[in-house]
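Have a look at the structure below, then the notes.
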Amino acid sequence: MGLASGRLIADSNPRRRVWLVTLAAVVLAMLPDADTALTLLSIPDHGLAGHRGFFHTPCFALLVGAAVALVLRVRGSARPIRGAVIATLLVASHGLLDAMAQDGRGIFFLWPFSDQRFHLPWRPIPDAPTGLRFFSRVGMQHLAIELAYFGPVVLTMWAPAMRRAFARRRSPLPLRPPAPRRRLLA
């Protein structure tokens, strides 16, 4: 989602660097999976501190949006609220997509009001293995399925930019004007 969204954000403001904005959108869309790093700190992988815990909640998405608005405001951006809304939607989209995963724990959509985890009724996305198991045959199959689901979205968003880039490369080189002929005096 971040890759496709980055293109939309960059197109809406041509002064921004497309790749930098796209990278920021990708990082925001993947930010909820930072909770997997907590296991490296020996924090138990369950409850709010575990994977698909607090970082996947709508509350976390709102906090990230508020932080983005604050940073944009301090930097003098003309549209801090717009940036906050986009950041919130990017972070929240991760939790929504994880709720469509076939396996897993579900998402705390109603936290802090409820500790119940939820899945969406339609769950077509396979749960890829984590860690080094991701590079197994099963992990690669799950990656291929996700590419089949989300590849067309990314290609649709980036196709116009790619066409423009290739058109610039294929443009003919400017020809040199013919050298003037010298007249021989007779």
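To be explicit about the labels: the chains of the structure tokens are called A, B, and onward in the order shown, and within each one the residues are counted from 1, while ligands get numbers from 1 in the order they are shown.
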
- Selection near stretch 25-42 of chain A, 10 Å with only C-alpha atoms, sequence-local residues under 3 positions removed, as a ChimeraX atom specification: /A:1-7,9,19-22,45-46,48-57,60-61,64-65,86-95,130-131

Include C-alpha atoms and write out the residues we just selected as a JSON list (two decimals), in the first residue's frame.
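Generated file (result_8.json):
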```json
[["chain", "number", "residue", "atom", "x", "y", "z"],
["A", 1, "MET", "CA", 0.00, 0.00, 0.00],
["A", 2, "GLY", "CA", 2.85, 2.35, 0.75],
["A", 3, "LEU", "CA", 4.39, 2.01, -2.70],
["A", 4, "ALA", "CA", 1.12, 2.82, -4.45],
["A", 5, "SER", "CA", 0.28, 5.63, -2.01],
["A", 6, "GLY", "CA", 3.69, 7.22, -2.38],
["A", 7, "ARG", "CA", 2.99, 7.80, -6.04],
["A", 9, "ILE", "CA", 1.23, 11.73, -2.62],
["A", 19, "TRP", "CA", 11.33, 8.53, -4.28],
["A", 20, "LEU", "CA", 11.69, 10.13, -0.86],
["A", 21, "VAL", "CA", 7.94, 10.48, -0.44],
["A", 22, "THR", "CA", 7.41, 6.92, -1.66],
["A", 45, "ASP", "CA", 5.22, -12.18, 22.18],
["A", 46, "HIS", "CA", 1.65, -11.99, 23.46],
["A", 48, "LEU", "CA", -0.44, -5.75, 23.53],
["A", 49, "ALA", "CA", 3.36, -6.10, 23.42],
["A", 50, "GLY", "CA", 3.26, -9.03, 21.00],
["A", 51, "HIS", "CA", 2.93, -9.18, 17.24],
["A", 52, "ARG", "CA", -0.35, -7.72, 16.01],
["A", 53, "GLY", "CA", -0.74, -6.02, 19.35],
["A", 54, "PHE", "CA", -0.65, -2.28, 20.10],
["A", 55, "PHE", "CA", 1.26, -1.33, 16.92],
["A", 56, "HIS", "CA", -1.60, -2.71, 14.81],
["A", 57, "THR", "CA", -4.37, -0.83, 16.63],
["A", 60, "PHE", "CA", -1.39, 3.61, 17.26],
["A", 61, "ALA", "CA", -2.29, 4.78, 13.73],
["A", 64, "VAL", "CA", 1.54, 8.23, 14.31],
["A", 65, "GLY", "CA", -0.72, 10.61, 12.39],
["A", 86, "ILE", "CA", -2.43, 10.08, 4.92],
["A", 87, "ALA", "CA", -0.01, 8.76, 7.56],
["A", 88, "THR", "CA", -2.88, 7.51, 9.72],
["A", 89, "LEU", "CA", -4.48, 5.72, 6.79],
["A", 90, "LEU", "CA", -1.20, 4.12, 5.76],
["A", 91, "VAL", "CA", -0.50, 2.78, 9.25],
["A", 92, "ALA", "CA", -4.11, 1.69, 9.76],
["A", 93, "SER", "CA", -4.17, -0.11, 6.40],
["A", 94, "HIS", "CA", -1.55, -2.54, 7.72],
["A", 95, "GLY", "CA", -3.77, -3.64, 10.59],
["A", 130, "THR", "CA", 8.29, -15.20, 10.15],
["A", 131, "GLY", "CA", 12.04, -15.05, 10.61]]
```

- Message: If you run DSSP on the backbone here, which positions in stretch 45-186 of chain A get helix (DSSP H, G or I)? Please write them as a PyMOL selection string.
- Response: chain A and resi 47-49+54-56+58-74+80-98+131-135+137-170

- Task: Among the residues of stretch 64-164 of chain A, find those DSSP assigns to strand (DSSP E or B) from the backbone and print them as an NGL selection string.
- Result: :A and (101 or 107 or 118 or 125)

- Message: For A:Gly106, find every residue with an atom within 8 Å (counting only C-alpha atoms), except residues of its own chain fewer than 4 positions away, and show them as a VMD selection string.
- Response: chain A and resid 52 98 to 99 117 to 119

Dump as a compact mmCIF listing (two decimals), in the first residue's frame, selection limited to N, CA and C atoms:
```
# COMPACT_ATOMS: atom_id res chain seq x y z
N ARG A 52 1.04 -8.10 16.25
CA ARG A 52 -0.35 -7.72 16.01
C ARG A 52 -1.03 -7.26 17.30
N ASP A 98 -3.83 -7.13 7.84
CA ASP A 98 -3.50 -8.26 8.70
C ASP A 98 -4.75 -8.93 9.26
N ALA A 99 -5.83 -8.19 9.40
CA ALA A 99 -7.09 -8.79 9.85
C ALA A 99 -7.70 -9.67 8.76
N ARG A 117 -9.62 -9.66 20.14
CA ARG A 117 -8.99 -9.59 18.82
C ARG A 117 -10.03 -9.94 17.75
N PHE A 118 -9.89 -9.30 16.60
CA PHE A 118 -10.85 -9.51 15.52
C PHE A 118 -10.16 -9.89 14.22
N HIS A 119 -10.84 -10.72 13.45
CA HIS A 119 -10.48 -11.00 12.06
C HIS A 119 -11.63 -10.48 11.21
```

- Query: Separation of atom CA of A:Gly104 and atom CA of A:Ala148, in Å?
  - Reply: 20.8 Å
